[in-house]
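Printed here is final32.cif (mmCIF, C-alpha atoms):
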```
data_work
#
loop_
_atom_site.label_atom_id
_atom_site.label_comp_id
_atom_site.auth_asym_id
_atom_site.auth_seq_id
_atom_site.Cartn_x
_atom_site.Cartn_y
_atom_site.Cartn_z
CA MET W 1 93.11 131.48 89.21
CA VAL W 2 96.42 132.74 87.89
CA LEU W 3 96.95 134.66 84.69
CA VAL W 4 99.62 132.99 82.54
CA GLN W 5 101.19 133.96 79.25
CA ASN W 6 103.04 131.60 76.95
CA THR W 7 106.07 133.31 75.38
CA SER W 8 107.55 130.07 74.01
CA ASP W 9 107.25 129.04 70.38
CA LYS W 10 104.77 126.21 71.03
CA ASP W 11 101.05 126.12 71.71
CA PHE W 12 100.21 123.52 74.32
CA LYS W 13 97.59 122.52 76.87
CA ILE W 14 97.45 121.49 80.49
CA VAL W 15 94.88 119.23 82.10
CA TYR W 16 93.72 119.53 85.70
CA GLN W 17 90.93 117.40 87.21
CA GLY W 18 89.73 116.45 83.76
CA ILE W 19 89.46 120.03 82.47
CA GLU W 20 91.70 121.04 79.58
CA TYR W 21 93.22 124.53 79.54
CA VAL W 22 94.67 125.60 76.20
CA ILE W 23 97.73 127.85 76.53
CA PRO W 24 98.23 129.55 73.15
CA ILE W 25 101.35 131.49 72.22
CA GLY W 26 101.20 135.12 73.37
CA GLU W 27 97.66 135.34 74.68
CA PRO W 28 97.27 135.61 78.50
CA VAL W 29 94.84 132.99 79.91
CA GLU W 30 93.62 132.14 83.39
CA VAL W 31 94.31 128.69 84.87
CA PRO W 32 93.84 127.28 88.41
CA GLU W 33 96.73 128.07 90.74
CA ILE W 34 97.30 124.39 91.57
CA ALA W 35 97.65 123.62 87.87
CA THR W 36 100.37 126.27 87.54
CA LYS W 37 102.23 124.62 90.44
CA LEU W 38 101.83 121.18 88.91
CA TYR W 39 102.96 122.10 85.41
CA PHE W 40 105.19 125.17 85.84
CA ALA W 41 106.35 124.90 89.49
CA TYR W 42 104.84 128.36 89.95
CA GLY W 43 105.11 129.57 93.55
CA ILE W 44 107.41 126.73 94.68
CA ASP W 45 110.41 128.18 96.50
CA ASP W 46 112.92 125.35 96.54
CA ILE W 47 112.66 123.80 93.09
CA ASN W 48 114.78 120.65 92.80
CA PRO W 49 115.53 118.33 89.86
CA LYS W 50 112.78 115.92 90.94
CA ILE W 51 110.13 118.65 90.89
CA ILE W 52 111.38 119.77 87.46
CA SER W 53 111.20 116.19 86.24
CA TRP W 54 107.57 115.80 87.39
CA CYS W 55 106.53 119.11 85.78
CA CYS W 56 107.98 117.83 82.50
CA GLU W 57 106.33 114.41 82.97
CA ARG W 58 102.94 116.08 83.38
CA MET W 59 103.56 118.30 80.33
CA ARG W 60 104.38 115.23 78.25
CA ARG W 61 101.23 113.48 79.46
CA ALA W 62 99.01 116.44 78.58
CA ASN W 63 100.77 116.99 75.24
CA PRO W 64 101.61 113.69 73.53
CA GLU W 65 103.54 115.64 70.86
CA PHE W 66 106.14 116.47 73.55
CA THR W 67 106.81 112.77 74.25
CA ASN W 68 110.22 112.79 72.64
CA LEU W 69 111.35 116.10 74.16
CA THR W 70 113.82 115.82 77.02
CA ASP W 71 113.22 117.37 80.43
CA ARG W 72 115.73 120.06 79.51
CA ASP W 73 113.88 120.88 76.27
CA ILE W 74 110.58 121.23 78.07
CA TRP W 75 111.91 123.11 81.10
CA ASP W 76 114.21 125.55 79.30
CA ASN W 77 112.22 126.18 76.15
CA ILE W 78 108.65 126.06 77.39
CA ILE W 79 108.15 126.21 81.16
CA LEU W 80 110.76 128.93 81.76
CA LYS W 81 109.12 130.95 78.98
CA MET W 82 105.91 131.26 80.95
CA LEU W 83 104.98 134.62 82.50
CA PHE W 84 102.64 134.87 85.48
CA GLY W 85 100.30 137.52 86.93
CA LYS W 86 102.12 140.77 87.61
CA ASP W 87 104.97 139.91 85.24
CA ILE W 88 102.52 139.96 82.35
CA ILE W 89 101.30 143.45 83.31
CA LYS W 90 104.87 144.73 83.65
CA LYS W 91 105.77 143.35 80.30
CA SER W 92 102.66 144.91 78.72
CA LYS W 93 103.49 148.36 80.18
CA LYS W 94 106.98 148.15 78.75
CA MET C 1 50.75 66.56 121.95
CA ALA C 2 51.46 70.24 121.68
CA VAL C 3 53.53 71.36 118.75
CA ASN C 4 56.41 73.48 119.88
CA PHE C 5 57.27 76.11 117.32
CA ASN C 6 59.89 77.50 119.65
CA TYR C 7 58.14 80.83 119.58
CA GLN C 8 56.83 82.79 122.47
CA THR C 9 53.40 84.30 122.16
CA PRO C 10 54.15 87.77 120.96
CA TRP C 11 51.72 90.59 121.37
CA GLY C 12 51.87 94.33 120.77
CA MET C 13 54.86 95.96 119.10
CA TYR C 14 57.99 93.85 119.21
CA PRO C 15 61.08 93.89 117.07
CA PRO C 16 62.35 90.72 115.39
CA THR C 17 64.24 88.83 118.09
CA ASP C 18 65.68 85.43 118.86
CA ALA C 19 62.69 84.73 121.08
CA THR C 20 60.25 85.25 118.24
CA GLY C 21 62.24 83.04 115.92
CA ALA C 22 63.30 85.91 113.73
CA LYS C 23 66.94 86.12 114.52
CA ASP C 24 67.85 85.20 110.98
CA TYR C 25 66.66 88.62 109.84
CA LEU C 26 70.02 89.83 110.94
CA ASN C 27 71.96 86.61 110.70
CA SER C 28 72.45 87.23 107.03
CA LEU C 29 74.12 90.46 108.07
CA SER C 30 75.71 89.29 111.29
CA ARG C 31 77.22 91.64 113.79
CA ALA C 32 80.90 92.59 113.69
CA ILE C 33 81.33 91.03 110.30
CA PRO C 34 84.96 90.05 109.70
CA PRO C 35 86.69 91.62 106.70
CA TYR C 36 86.88 88.37 104.73
CA VAL C 37 83.10 88.07 104.89
CA VAL C 38 82.87 91.64 103.63
CA ALA C 39 85.09 90.68 100.74
CA GLN C 40 82.91 87.68 99.88
CA ASN C 41 79.74 89.75 99.62
CA LEU C 42 80.14 91.54 96.35
CA GLY C 43 77.17 91.78 94.03
CA LYS C 44 79.35 91.96 90.95
CA LEU C 45 82.55 89.98 90.92
CA SER C 46 85.39 92.39 91.67
CA PRO C 47 88.61 90.49 92.30
CA LEU C 48 90.47 93.72 93.10
CA THR C 49 88.00 94.85 95.76
CA ARG C 50 87.89 91.33 97.13
CA ARG C 51 91.68 91.24 97.39
CA ILE C 52 91.86 94.66 99.03
CA LEU C 53 89.13 93.97 101.58
CA ALA C 54 90.12 90.38 102.33
CA ASN C 55 93.63 91.55 103.22
CA ALA C 56 92.53 94.62 105.13
CA GLU C 57 93.81 95.29 108.58
CA VAL C 58 91.59 96.27 111.46
CA LYS C 59 93.37 99.03 113.32
CA PRO C 60 92.56 100.92 116.45
CA ILE C 61 92.37 104.44 115.18
CA SER C 62 92.73 107.68 117.08
CA PHE C 63 89.57 109.34 115.94
CA PRO C 64 89.38 110.65 113.27
CA PHE C 65 92.85 110.08 111.88
CA ILE C 66 94.92 107.37 110.29
CA SER C 67 98.57 108.40 110.44
CA GLN C 68 101.15 106.46 108.58
CA PRO C 69 104.89 106.88 108.00
CA VAL C 70 105.62 107.65 104.39
CA ALA C 71 108.03 105.72 102.22
CA LYS C 72 109.70 108.90 101.05
CA LYS C 73 113.00 108.05 99.43
CA THR C 74 116.00 105.77 99.66
CA ILE C 75 118.21 106.80 102.56
CA ASN C 76 121.84 106.39 101.53
CA ASN C 77 124.09 106.92 104.54
CA VAL C 78 126.73 104.51 103.35
CA GLN C 79 130.28 105.42 104.29
CA LYS C 80 133.60 103.90 103.35
CA VAL C 81 135.57 102.80 106.40
CA ASP C 82 139.33 102.37 106.33
CA TYR C 83 141.52 100.41 108.74
CA GLU C 84 141.44 103.22 111.29
CA GLY C 85 137.76 102.37 111.70
CA SER C 86 136.55 105.95 111.77
CA PHE C 87 133.21 107.10 110.46
CA ASN C 88 130.98 110.18 110.68
CA VAL C 89 128.25 110.12 113.32
CA PRO C 90 124.96 111.57 111.99
CA SER C 91 123.83 114.80 113.60
CA SER C 92 120.20 114.85 112.47
CA ILE C 93 117.41 112.38 111.95
CA ASP C 94 116.70 111.07 108.45
CA THR C 95 112.93 111.16 108.58
CA ASP C 96 110.86 114.29 108.69
CA LEU C 97 107.90 113.27 110.83
CA ALA C 98 106.04 116.40 109.71
CA GLU C 99 105.71 114.76 106.32
CA MET C 100 103.87 111.75 107.66
CA ALA C 101 100.70 111.17 105.67
CA THR C 102 97.52 111.76 107.64
CA LEU C 103 94.14 110.58 106.45
CA TYR C 104 90.69 110.92 107.88
CA SER C 105 88.98 107.60 108.20
CA ASN C 106 85.54 107.63 106.62
CA LEU C 107 82.31 105.90 107.44
CA ALA C 108 79.56 104.52 105.19
CA LEU C 109 76.15 103.57 106.49
CA SER C 110 73.16 101.84 104.92
CA THR C 111 69.71 101.33 106.43
CA LEU C 112 67.22 98.48 106.31
CA LEU C 113 63.56 99.03 107.22
CA VAL C 114 61.10 96.23 108.00
CA SER C 115 57.43 96.96 108.73
CA ASP C 116 55.64 95.51 111.75
CA PHE C 117 53.19 93.82 109.37
CA GLU C 118 55.99 91.84 107.79
CA VAL C 119 57.21 90.75 111.21
CA LYS C 120 53.69 89.79 112.33
CA ALA C 121 52.95 87.92 109.13
CA TYR C 122 56.08 85.90 109.56
CA GLU C 123 55.24 85.07 113.17
CA GLN C 124 51.70 84.03 112.22
CA GLY C 125 52.67 81.08 110.12
CA ASN C 126 53.85 82.00 106.67
CA PRO C 127 57.59 81.68 107.10
CA ASN C 128 58.43 80.39 103.66
CA VAL C 129 57.40 83.53 101.87
CA LEU C 130 57.74 86.47 104.17
CA TYR C 131 60.76 85.22 106.06
CA ASP C 132 62.66 84.85 102.82
CA THR C 133 61.54 88.24 101.56
CA VAL C 134 62.85 90.09 104.57
CA LYS C 135 66.03 88.08 104.62
CA LEU C 136 66.52 88.75 100.92
CA ARG C 137 66.09 92.47 101.48
CA ALA C 138 68.61 92.37 104.29
CA ASN C 139 71.03 90.58 102.02
CA GLU C 140 70.53 93.01 99.17
CA THR C 141 71.03 95.98 101.47
CA TRP C 142 74.30 94.41 102.44
CA LEU C 143 75.27 93.77 98.81
CA GLY C 144 74.35 97.35 97.95
CA LEU C 145 76.65 98.73 100.61
CA ILE C 146 79.59 96.62 99.47
CA ASP C 147 78.87 97.41 95.82
CA GLN C 148 79.04 101.11 96.67
CA ILE C 149 82.30 100.64 98.58
CA ALA C 150 83.78 98.79 95.59
CA THR C 151 82.75 101.62 93.27
CA TRP C 152 84.36 104.15 95.59
CA ILE C 153 87.68 102.45 96.20
CA LEU C 154 88.17 101.58 92.53
CA GLY C 155 87.10 105.06 91.47
CA SER C 156 87.70 108.57 92.74
CA ARG C 157 86.30 110.86 95.39
CA ILE C 158 86.96 113.88 93.18
CA SER C 159 84.33 114.89 90.65
CA GLY C 160 84.43 118.62 90.10
CA SER C 161 85.18 119.05 93.80
CA GLU C 162 86.59 116.67 96.38
CA ASP C 163 84.16 114.83 98.65
CA THR C 164 86.28 114.34 101.75
CA THR C 165 83.63 112.17 103.42
CA GLN C 166 84.10 109.48 100.76
CA PHE C 167 86.79 106.81 100.78
CA TYR C 168 89.84 107.51 98.66
CA GLY C 169 89.82 105.61 95.37
CA LEU C 170 92.59 104.12 93.27
CA GLN C 171 92.30 107.01 90.80
CA ASP C 172 93.11 109.44 93.63
CA ILE C 173 95.99 107.38 94.98
CA ILE C 174 97.74 106.31 91.76
CA ASP C 175 97.98 109.82 90.36
CA ASP C 176 100.56 112.41 89.33
CA GLY C 177 98.76 115.33 90.96
CA THR C 178 96.75 116.38 87.94
CA HIS C 179 93.64 114.76 89.43
CA CYS C 180 94.31 114.57 93.18
CA SER C 181 96.91 117.24 93.93
CA ASN C 182 96.86 116.72 97.68
CA TYR C 183 96.60 113.07 98.66
CA ALA C 184 96.46 112.25 102.38
CA ASN C 185 97.30 115.86 103.26
CA ILE C 186 100.64 115.79 101.43
CA ASP C 187 101.02 118.21 98.52
CA ARG C 188 102.01 116.47 95.29
CA THR C 189 103.32 119.66 93.66
CA THR C 190 106.21 120.06 96.09
CA ASN C 191 106.69 116.45 97.24
CA SER C 192 107.78 114.66 94.10
CA TYR C 193 108.03 111.28 95.88
CA TRP C 194 104.24 111.40 96.42
CA ASN C 195 103.39 111.00 92.70
CA SER C 196 102.68 107.92 90.59
CA TYR C 197 103.63 107.59 86.96
CA ILE C 198 100.80 107.53 84.42
CA TRP C 199 101.72 106.72 80.85
CA ASN C 200 99.72 106.90 77.66
CA ALA C 201 100.45 103.61 75.86
CA THR C 202 100.32 104.89 72.30
CA SER C 203 101.94 108.29 72.74
CA VAL C 204 104.80 106.95 74.88
CA PHE C 205 105.43 103.60 73.19
CA GLY C 206 104.08 104.15 69.66
CA ASN C 207 101.01 103.20 67.67
CA GLY C 208 99.97 99.79 66.40
CA LEU C 209 101.82 97.55 68.84
CA SER C 210 100.34 94.37 70.27
CA ALA C 211 98.65 94.95 73.60
CA TYR C 212 101.07 92.74 75.52
CA ILE C 213 104.05 94.67 74.12
CA TYR C 214 102.70 97.90 75.64
CA VAL C 215 102.62 96.16 79.00
CA MET C 216 106.15 94.78 78.60
CA ARG C 217 107.50 98.19 77.65
CA ALA C 218 105.70 99.91 80.51
CA LEU C 219 107.11 97.44 83.01
CA SER C 220 110.61 97.95 81.63
CA LYS C 221 110.22 101.73 81.75
CA TYR C 222 108.92 101.54 85.32
CA GLN C 223 111.86 99.35 86.36
CA LYS C 224 114.28 101.88 84.91
CA LEU C 225 112.59 104.95 86.42
CA ALA C 226 110.94 104.13 89.67
CA SER C 227 111.44 100.62 90.97
CA THR C 228 113.07 101.52 94.29
CA MET C 229 110.00 100.03 96.00
CA GLY C 230 110.23 96.91 93.84
CA MET C 231 108.19 95.95 90.82
CA PRO C 232 104.37 95.95 91.07
CA ASP C 233 102.85 92.64 92.13
CA VAL C 234 99.80 92.70 89.93
CA GLY C 235 97.81 94.62 87.34
CA PHE C 236 94.04 95.15 87.16
CA THR C 237 92.19 96.41 84.13
CA SER C 238 88.75 96.64 82.52
CA PRO C 239 87.29 93.49 80.90
CA ALA C 240 87.62 95.12 77.44
CA VAL C 241 91.34 95.83 77.86
CA PHE C 242 91.86 92.37 79.38
CA GLN C 243 90.20 90.72 76.41
CA ALA C 244 92.34 92.72 73.96
CA LEU C 245 95.38 91.66 75.96
CA ALA C 246 94.35 87.98 75.77
CA GLU C 247 93.66 88.24 72.05
CA SER C 248 97.06 89.83 71.43
CA PHE C 249 98.63 86.47 72.33
CA THR C 250 96.50 84.33 70.02
CA ASN C 251 98.83 84.52 67.05
CA ILE C 252 101.81 83.28 69.03
CA GLU C 253 100.48 80.55 71.26
CA ARG C 254 97.68 78.08 71.63
CA TYR C 255 94.77 79.41 73.58
CA ILE C 256 92.82 76.81 75.56
CA VAL C 257 89.21 77.87 75.69
CA ALA C 258 87.76 75.41 78.17
CA ASP C 259 88.26 72.07 79.81
CA PRO C 260 85.01 70.10 79.37
CA ALA C 261 85.77 67.99 82.43
CA LYS C 262 85.40 71.04 84.61
CA LEU C 263 82.19 72.45 83.18
CA GLU C 264 80.20 72.04 86.34
CA GLU C 265 78.72 74.58 88.61
CA THR C 266 80.98 75.24 91.54
CA ARG C 267 80.83 78.07 94.02
CA GLN C 268 84.21 79.63 93.61
CA TYR C 269 85.69 83.00 92.78
CA GLU C 270 88.79 82.12 90.86
CA VAL C 271 89.66 84.60 88.17
CA THR C 272 92.21 83.73 85.56
CA GLY C 273 94.93 86.25 84.93
CA ILE C 274 97.50 86.73 82.19
CA ALA C 275 101.10 86.95 83.36
CA ILE C 276 103.30 89.32 81.39
CA ASN C 277 106.95 89.65 82.40
CA GLY C 278 106.03 87.94 85.67
CA VAL C 279 103.23 90.38 86.53
CA PRO C 280 99.74 88.82 86.41
CA ILE C 281 96.97 91.02 85.02
CA PHE C 282 93.32 90.49 85.91
CA PRO C 283 90.00 91.92 84.68
CA ASP C 284 87.76 93.84 87.05
CA PRO C 285 84.30 95.07 86.01
CA TYR C 286 84.48 98.06 88.36
CA ILE C 287 87.32 99.48 86.25
CA THR C 288 85.62 101.24 83.38
CA THR C 289 88.53 103.15 81.85
CA ASN C 290 90.89 101.74 79.21
CA GLU C 291 93.82 101.48 81.55
CA ILE C 292 95.77 99.05 83.68
CA PHE C 293 96.41 99.80 87.35
CA PHE C 294 99.70 98.24 88.42
CA ILE C 295 99.67 97.70 92.17
CA ASN C 296 102.34 96.93 94.75
CA TRP C 297 100.54 95.10 97.56
CA SER C 298 103.27 95.97 100.06
CA HIS C 299 102.23 99.61 99.86
CA LEU C 300 98.47 99.60 99.24
CA HIS C 301 96.17 98.69 102.10
CA PHE C 302 92.64 99.10 103.30
CA LYS C 303 92.44 99.88 107.02
CA PHE C 304 89.17 99.16 108.77
CA CYS C 305 88.43 101.27 111.84
CA ASP C 306 88.17 99.08 114.90
CA GLY C 307 84.51 99.08 115.94
CA TYR C 308 83.28 99.69 112.40
CA ALA C 309 84.66 96.61 110.65
CA VAL C 310 81.81 95.90 109.95
CA VAL C 311 78.78 96.19 112.22
CA SER C 312 75.01 96.09 112.02
CA SER C 313 72.86 97.71 114.67
CA ASP C 314 70.05 96.16 116.68
CA TRP C 315 66.51 96.65 115.39
CA LYS C 316 65.22 100.08 116.33
CA ASP C 317 61.52 100.70 116.98
CA LEU C 318 60.18 103.41 114.63
CA SER C 319 56.77 103.80 116.30
CA ILE C 320 58.05 106.97 117.98
CA THR C 321 58.37 108.46 114.50
CA GLY C 322 54.81 107.46 113.66
CA ARG C 323 55.54 104.27 111.81
CA LEU C 324 54.82 100.64 112.66
CA ALA C 325 58.24 99.45 111.58
CA TYR C 326 61.79 98.70 112.67
CA PHE C 327 65.05 99.59 111.13
CA SER C 328 68.62 98.41 111.39
CA PHE C 329 71.73 99.96 109.94
CA LEU C 330 75.04 98.69 108.67
CA MET C 331 78.26 100.59 109.12
CA LEU C 332 81.63 100.24 107.47
CA GLY C 333 84.48 102.55 108.43
CA GLY C 334 88.04 102.75 107.18
CA GLN C 335 90.26 104.18 104.50
CA LEU C 336 92.20 103.03 101.47
CA PHE C 337 95.81 103.96 101.93
CA CYS C 338 99.09 103.88 100.03
CA ASP C 339 102.30 104.82 101.82
CA ALA C 340 104.27 105.04 98.56
CA PRO C 341 102.21 106.05 95.51
CA VAL C 342 105.34 105.76 93.34
CA SER C 343 105.24 101.99 93.97
CA CYS C 344 102.16 101.79 91.74
CA PHE C 345 101.57 103.13 88.24
CA ARG C 346 98.94 103.33 85.48
CA LEU C 347 99.11 102.54 81.78
CA GLN C 348 96.35 104.40 79.95
CA ASN C 349 94.89 104.37 76.45
CA MET C 350 95.37 100.62 76.08
CA PRO C 351 93.81 98.81 73.12
CA THR C 352 90.33 97.45 73.83
CA ALA C 353 88.24 94.64 72.41
CA THR C 354 85.00 96.01 70.95
CA GLY C 355 81.61 94.76 72.10
CA ILE C 356 82.59 94.14 75.72
#
```
Here is the file; what I need is its structure written in the form of structure tokens.
Amino acid sequence: MVLVQNTSDKDFKIVYQGIEYVIPIGEPVEVPEIATKLYFAYGIDDINPKIISWCCERMRRANPEFTNLTDRDIWDNIILKMLFGKDIIKKSKK
Amino acid sequence: MAVNFNYQTPWGMYPPTDATGAKDYLNSLSRAIPPYVVAQNLGKLSPLTRRILANAEVKPISFPFISQPVAKKTINNVQKVDYEGSFNVPSSIDTDLAEMATLYSNLALSTLLVSDFEVKAYEQGNPNVLYDTVKLRANETWLGLIDQIATWILGSRISGSEDTTQFYGLQDIIDDGTHCSNYANIDRTTNSYWNSYIWNATSVFGNGLSAYIYVMRALSKYQKLASTMGMPDVGFTSPAVFQALAESFTNIERYIVADPAKLEETRQYEVTGIAINGVPIFPDPYITTNEIFFINWSHLHFKFCDGYAVVSSDWKDLSITGRLAYFSFLMLGGQLFCDAPVSCFRLQNMPTATGI
């Protein structure tokens, strides 16, 4: 499991193997590591446009309200606003 | 004149054999059953399973793997050549063999047990009852095995955790990673070509549209986004979605219910489909979700393992285990495989007809 924190301005959810994980604004929550790779490309070294596109596709599928958002909207304004594990602790200490 | 029943005089423990006139116990199962016979033996009509199994290949497999080159991406090495005729010679290969999909082939087995009393009773002159009973049980064991295979390959081997001894199912193969994140030992998070599109009909295309319009829009969207492997050949869906799809046409064309001249009982397995934008869509009772699986036959195959496609064993004597009985077992080995998941896609949350 990986601790994630949503610092974007939108609540959303992710779905992995039929289980729904709600990611509210601000509050750190634990989600399976594979789900963070699937939705946020967490831990992937060489991120390319195709991987970005699939992350956004999965986000749209899990959140029908994002259907009309472009890949750029989702990537820049939501996925890049996610904090993971140690980054959350650092931010809290600050 | 002596009546010749073509039986020997059996005594003691003996398994059902040709000599005792009981060969038909296993004839209904047959040994080394060819794939098309497998496909014909479905308890519940499943045109998709029938199509997959009837077109399966029997491959010699290096135990326990099936390895298959992956249709990864379009290779564009096109160069413009001027009148000097020069071009650049490639310095590296285009295909990364390390990314070849590797699957374990799986094996399913079902057993059939017949008591010695049943065998004796048959031999002693009551063939019409007991013969048929044993044969029926053999047949139903066979149907049960194929029914289970159909459920597996049209379903998923992931339920909470992944059962790697089960055949892959369509829900594992046609997936974007959120259900089966590692199909055939290739990671879907980092290998974007290994994903299939899954669209929610109403959230992507809008509410309140006719069912056939959702299909038309999905096919157009697929053509725009991902048709490098060609358009899908066929769609399969649940009976309830199929019925809603059929009913969505009723206000624009005449619907012929039946032809009285053909209302006679014939042994055939024809299933009528509805073609939308050139892609026929069929109902399949093993699909229980409100979605359509669009399939590209060039990239989805079932591979039987040579030697397990499909076999029944001889009768084994169970007296050594303290039982006056014999048992036989059926085995089916293989794997469902797609070398390009992006060539298939799913359209979910389709309208359904109630009561079906």
Exercise. List every protein, DNA or RNA residue that has an atom no more than 12 Å from (107.1, 111.4, 74.5) in the file's coordinate frame, counting only C-alpha atoms, and report them as a list in words.
Key: Cys56, Glu57, Arg58, Met59, Arg60, Arg61, Ala62, Asn63, Pro64, Glu65, Phe66, Thr67, Asn68, Leu69, Thr70, Asp71, Asp73 and Ile74 of chain W; Trp199, Asn200, Ala201, Thr202, Ser203, Val204, Phe205 and Gly206 of chain C
Serialized selection, C-alpha atoms, as a JSON list (two decimals), in the frame of the given file:
```
[["chain", "number", "residue", "atom", "x", "y", "z"],
["W", 56, "CYS", "CA", 107.98, 117.83, 82.50],
["W", 57, "GLU", "CA", 106.33, 114.41, 82.97],
["W", 58, "ARG", "CA", 102.94, 116.08, 83.38],
["W", 59, "MET", "CA", 103.56, 118.30, 80.33],
["W", 60, "ARG", "CA", 104.38, 115.23, 78.25],
["W", 61, "ARG", "CA", 101.23, 113.48, 79.46],
["W", 62, "ALA", "CA", 99.01, 116.44, 78.58],
["W", 63, "ASN", "CA", 100.77, 116.99, 75.24],
["W", 64, "PRO", "CA", 101.61, 113.69, 73.53],
["W", 65, "GLU", "CA", 103.54, 115.64, 70.86],
["W", 66, "PHE", "CA", 106.14, 116.47, 73.55],
["W", 67, "THR", "CA", 106.81, 112.77, 74.25],
["W", 68, "ASN", "CA", 110.22, 112.79, 72.64],
["W", 69, "LEU", "CA", 111.35, 116.10, 74.16],
["W", 70, "THR", "CA", 113.82, 115.82, 77.02],
["W", 71, "ASP", "CA", 113.22, 117.37, 80.43],
["W", 73, "ASP", "CA", 113.88, 120.88, 76.27],
["W", 74, "ILE", "CA", 110.58, 121.23, 78.07],
["C", 199, "TRP", "CA", 101.72, 106.72, 80.85],
["C", 200, "ASN", "CA", 99.72, 106.90, 77.66],
["C", 201, "ALA", "CA", 100.45, 103.61, 75.86],
["C", 202, "THR", "CA", 100.32, 104.89, 72.30],
["C", 203, "SER", "CA", 101.94, 108.29, 72.74],
["C", 204, "VAL", "CA", 104.80, 106.95, 74.88],
["C", 205, "PHE", "CA", 105.43, 103.60, 73.19],
["C", 206, "GLY", "CA", 104.08, 104.15, 69.66]]
```
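Relative to atom CA of Tyr104 of chain C, atom CA of Met231 of chain C is found at 28.7 Å.
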Practice problem: At a cut-off of 6 Å, list the chain C residues touching chain W, using only C-alpha atoms, as an NGL selection string. | Solution: :C and (178-179 or 189 or 192 or 203)
Can you give me, as an mmCIF file with C-alpha atoms, in the frame of the given file, the residues this file yields under the PyMOL selection byres ((chain C and resi 296) around 8)?
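So the final result, stored in expr34.cif, reads:
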```cif
data_model
loop_
_atom_site.group_PDB
_atom_site.id
_atom_site.type_symbol
_atom_site.label_atom_id
_atom_site.label_comp_id
_atom_site.auth_asym_id
_atom_site.auth_seq_id
_atom_site.Cartn_x
_atom_site.Cartn_y
_atom_site.Cartn_z
ATOM 1 C CA GLY C 230 110.230 96.910 93.840
ATOM 2 C CA MET C 231 108.190 95.950 90.820
ATOM 3 C CA PRO C 232 104.370 95.950 91.070
ATOM 4 C CA ASP C 233 102.850 92.640 92.130
ATOM 5 C CA VAL C 234 99.800 92.700 89.930
ATOM 6 C CA PHE C 294 99.700 98.240 88.420
ATOM 7 C CA ILE C 295 99.670 97.700 92.170
ATOM 8 C CA TRP C 297 100.540 95.100 97.560
ATOM 9 C CA SER C 298 103.270 95.970 100.060
ATOM 10 C CA HIS C 299 102.230 99.610 99.860
ATOM 11 C CA LEU C 300 98.470 99.600 99.240
ATOM 12 C CA SER C 343 105.240 101.990 93.970
ATOM 13 C CA CYS C 344 102.160 101.790 91.740
#
```
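In terms of minimum interatomic distance to Asp314 of chain C, C:Leu330 ranks closest within C:Ala138, C:Leu330, C:Ala71, C:Ala353, counting all atoms listed in the file.
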Quiz item: Between atom CA of Arg217 of chain C and atom CA of Phe337 of chain C, what is the spacing in Å?
Solution: 27.6 Å
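What separates atom CA of Ser227 of chain C from atom CA of Val342 of chain C is a distance of 8.3 Å.
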For the structure provided, state which residues fall under the PyMOL selection byres ((chain W and resi 80) around 10), and present them as a PDB file with C-alpha atoms, keeping the file's coordinate frame.
```pdb
ATOM      1  CA  ASN W   6     103.040 131.600  76.950  1.00  0.00           C
ATOM      2  CA  THR W   7     106.070 133.310  75.380  1.00  0.00           C
ATOM      3  CA  SER W   8     107.550 130.070  74.010  1.00  0.00           C
ATOM      4  CA  PHE W  40     105.190 125.170  85.840  1.00  0.00           C
ATOM      5  CA  ALA W  41     106.350 124.900  89.490  1.00  0.00           C
ATOM      6  CA  ILE W  74     110.580 121.230  78.070  1.00  0.00           C
ATOM      7  CA  TRP W  75     111.910 123.110  81.100  1.00  0.00           C
ATOM      8  CA  ASP W  76     114.210 125.550  79.300  1.00  0.00           C
ATOM      9  CA  ASN W  77     112.220 126.180  76.150  1.00  0.00           C
ATOM     10  CA  ILE W  78     108.650 126.060  77.390  1.00  0.00           C
ATOM     11  CA  ILE W  79     108.150 126.210  81.160  1.00  0.00           C
ATOM     12  CA  LYS W  81     109.120 130.950  78.980  1.00  0.00           C
ATOM     13  CA  MET W  82     105.910 131.260  80.950  1.00  0.00           C
ATOM     14  CA  LEU W  83     104.980 134.620  82.500  1.00  0.00           C
TER      15      LEU W  83
END
```
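If you count only C-alpha atoms and ignore residues fewer than 2 places along the chain from Leu324 of chain C, what sits within 12 Å of it is Gly12, Met13, Tyr14, Pro15, Leu113, Val114, Ser115, Asp116, Phe117, Glu118, Val119, Lys120, Lys316, Asp317, Leu318, Ser319, Ile320, Thr321, Gly322, Tyr326 and Phe327 of chain C.
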Let me see the file: selected residues, C-alpha atoms, as a compact mmCIF listing (two decimals), in the frame of the given file.
```txt
# COMPACT_ATOMS: atom_id res chain seq x y z
CA GLY C 12 51.87 94.33 120.77
CA MET C 13 54.86 95.96 119.10
CA TYR C 14 57.99 93.85 119.21
CA PRO C 15 61.08 93.89 117.07
CA LEU C 113 63.56 99.03 107.22
CA VAL C 114 61.10 96.23 108.00
CA SER C 115 57.43 96.96 108.73
CA ASP C 116 55.64 95.51 111.75
CA PHE C 117 53.19 93.82 109.37
CA GLU C 118 55.99 91.84 107.79
CA VAL C 119 57.21 90.75 111.21
CA LYS C 120 53.69 89.79 112.33
CA LYS C 316 65.22 100.08 116.33
CA ASP C 317 61.52 100.70 116.98
CA LEU C 318 60.18 103.41 114.63
CA SER C 319 56.77 103.80 116.30
CA ILE C 320 58.05 106.97 117.98
CA THR C 321 58.37 108.46 114.50
CA GLY C 322 54.81 107.46 113.66
CA TYR C 326 61.79 98.70 112.67
CA PHE C 327 65.05 99.59 111.13
```
